[in-house]
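Asks: This is the structure I want to talk about, given as structure tokens.
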Amino acid sequence: MTDAAARKIALAARRVAALQLAAGAVVAAGFFVGQGPGAGAGAAYGAAAALLVTFLLGRGVARAAAAAGTDRGRSLRILYLGAAVRFFLILGLFAAGVWLLRLPPLALVSGFAAGQAAYLLRARALR
């Protein structure tokens, strides 16, 4: 990968993260105003989880792209393993948020959904 391509990807990743943060902040503020600080914290937690999995996805894609030049099978393994890790990480984060931190489930899922929706909208715009 060239330096220019790497810079372009890094810039796109920063834009996606900024959009996810903004969407998460709006949802968290709405829950904070409408249902109180606990719900606002739940929405912020969900948005942070979405941002985390986006970061992990970007890191995995970069690793897979680097490996693709030498071993395509390894590249695919990196992508599949990364998807499984992100899936179980989200399950664990949701469980921890609801049962350990006692965050409201609707707020948590709403924050996560807002972050994921922002990611999908930005990814679609990059096509």
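Following the order of the structure tokens, chains are lettered A, B, ..., residues in each are numbered from 1, and ligands are numbered from 1.
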Residues of region 80-126 of chain A that have any atom at most 7 Å from an atom of region 26-38 of chain A: could you tabulate them with the shortest-distance atom pair and the distance in Å to one decimal, using only C-alpha atoms, ordered by chain and increasing number, as a Markdown table?

Replies:
```
| residue | atom | partner | partner_atom | distance |
| --- | --- | --- | --- | --- |
| A:Leu103 | CA | A:Gly38 | CA | 6.5 |
| A:Ala107 | CA | A:Phe31 | CA | 6.8 |
| A:Gly111 | CA | A:Val27 | CA | 6.0 |
```

Asks: Could you list, as a short mmCIF file (atom, residue, chain, number, x, y, z; two decimals) with N, CA and C atoms, in the first residue's frame, every residue within 6 Å of Ala47 (chain A), counting only C-alpha atoms and ignoring same-chain residues fewer than 6 positions away?

Replies:
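Wrote it out as part.cif, contents follow:
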```
data_model
loop_
_atom_site.label_atom_id
_atom_site.label_comp_id
_atom_site.auth_asym_id
_atom_site.auth_seq_id
_atom_site.Cartn_x
_atom_site.Cartn_y
_atom_site.Cartn_z
N GLY A 24 -23.66 9.52 18.07
CA GLY A 24 -23.77 9.01 19.44
C GLY A 24 -24.03 10.11 20.45
N GLY A 111 -27.92 3.90 21.20
CA GLY A 111 -26.62 4.52 20.97
C GLY A 111 -25.77 3.71 20.01
N PHE A 112 -25.80 2.39 20.18
CA PHE A 112 -25.07 1.51 19.27
C PHE A 112 -25.63 1.61 17.86
N GLY A 115 -24.53 4.79 16.14
CA GLY A 115 -23.14 4.70 15.69
C GLY A 115 -22.99 3.83 14.46
#
```

Asks: Select, from A:Val61, A:Leu106, A:Leu89, A:Ala123, the residue with the minimum atom-to-atom distance to Ala41 (chain A), counting only C-alpha atoms.

Replies: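 Among the listed residues, A:Leu106 lies closest to Ala41 (chain A).
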
Asks: Which residues are close to Leu52 (chain A), i.e. within 12 Å by only C-alpha atoms, leaving aside same-chain residues fewer than 5 positions away? Reply as a list in words.

Replies: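 My list of contacting residues is Val16, Ala17, Gln20, Leu21, Tyr45, Gly46, Ala47, Leu57, Gly58, Arg59, Val85, Arg86, Phe87, Leu89, Ile90, Leu93, Phe112, Gly115, Gln116 and Tyr119 of chain A.
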
Asks: Keeping C-alpha atoms, export the residues of the selection given above as a CSV table (one decimal), in the first residue's frame.

Replies:
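Output file again02.csv follows:
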```csv
chain,number,residue,atom,x,y,z
A,16,VAL,CA,-16.3,8.0,10.0
A,17,ALA,CA,-15.3,8.2,13.6
A,20,GLN,CA,-20.2,8.2,14.7
A,21,LEU,CA,-19.2,10.4,17.7
A,45,TYR,CA,-21.8,3.4,26.1
A,46,GLY,CA,-23.6,2.0,23.1
A,47,ALA,CA,-22.1,4.6,20.8
A,57,LEU,CA,-12.7,-3.4,11.7
A,58,GLY,CA,-10.4,-0.9,10.2
A,59,ARG,CA,-7.4,-2.4,11.9
A,85,VAL,CA,-14.1,-11.3,17.6
A,86,ARG,CA,-16.2,-8.2,16.9
A,87,PHE,CA,-19.4,-10.2,17.2
A,89,LEU,CA,-17.1,-8.4,21.8
A,90,ILE,CA,-20.4,-6.7,21.2
A,93,LEU,CA,-20.1,-5.4,26.0
A,112,PHE,CA,-25.1,1.5,19.3
A,115,GLY,CA,-23.1,4.7,15.7
A,116,GLN,CA,-23.6,1.8,13.3
A,119,TYR,CA,-20.9,4.1,9.8
```

Asks: Between A:Leu100, A:Ser110, A:Ala22, A:Arg14, which has the minimum distance to Ala43 (chain A) (counting only C-alpha atoms)?

Replies: A:Ser110

Asks: For Trp99 (chain A), which of A:Arg15, A:Gly42, A:Leu120, A:Arg74 is the closest residue, counting only C-alpha atoms?

Replies: A:Gly42

Asks: Distance CA of Leu51 (chain A)-CA of Ala18 (chain A), one decimal place?

Replies: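 Calculated distance between CA of Leu51 (chain A) and CA of Ala18 (chain A) is 9.5 Å.
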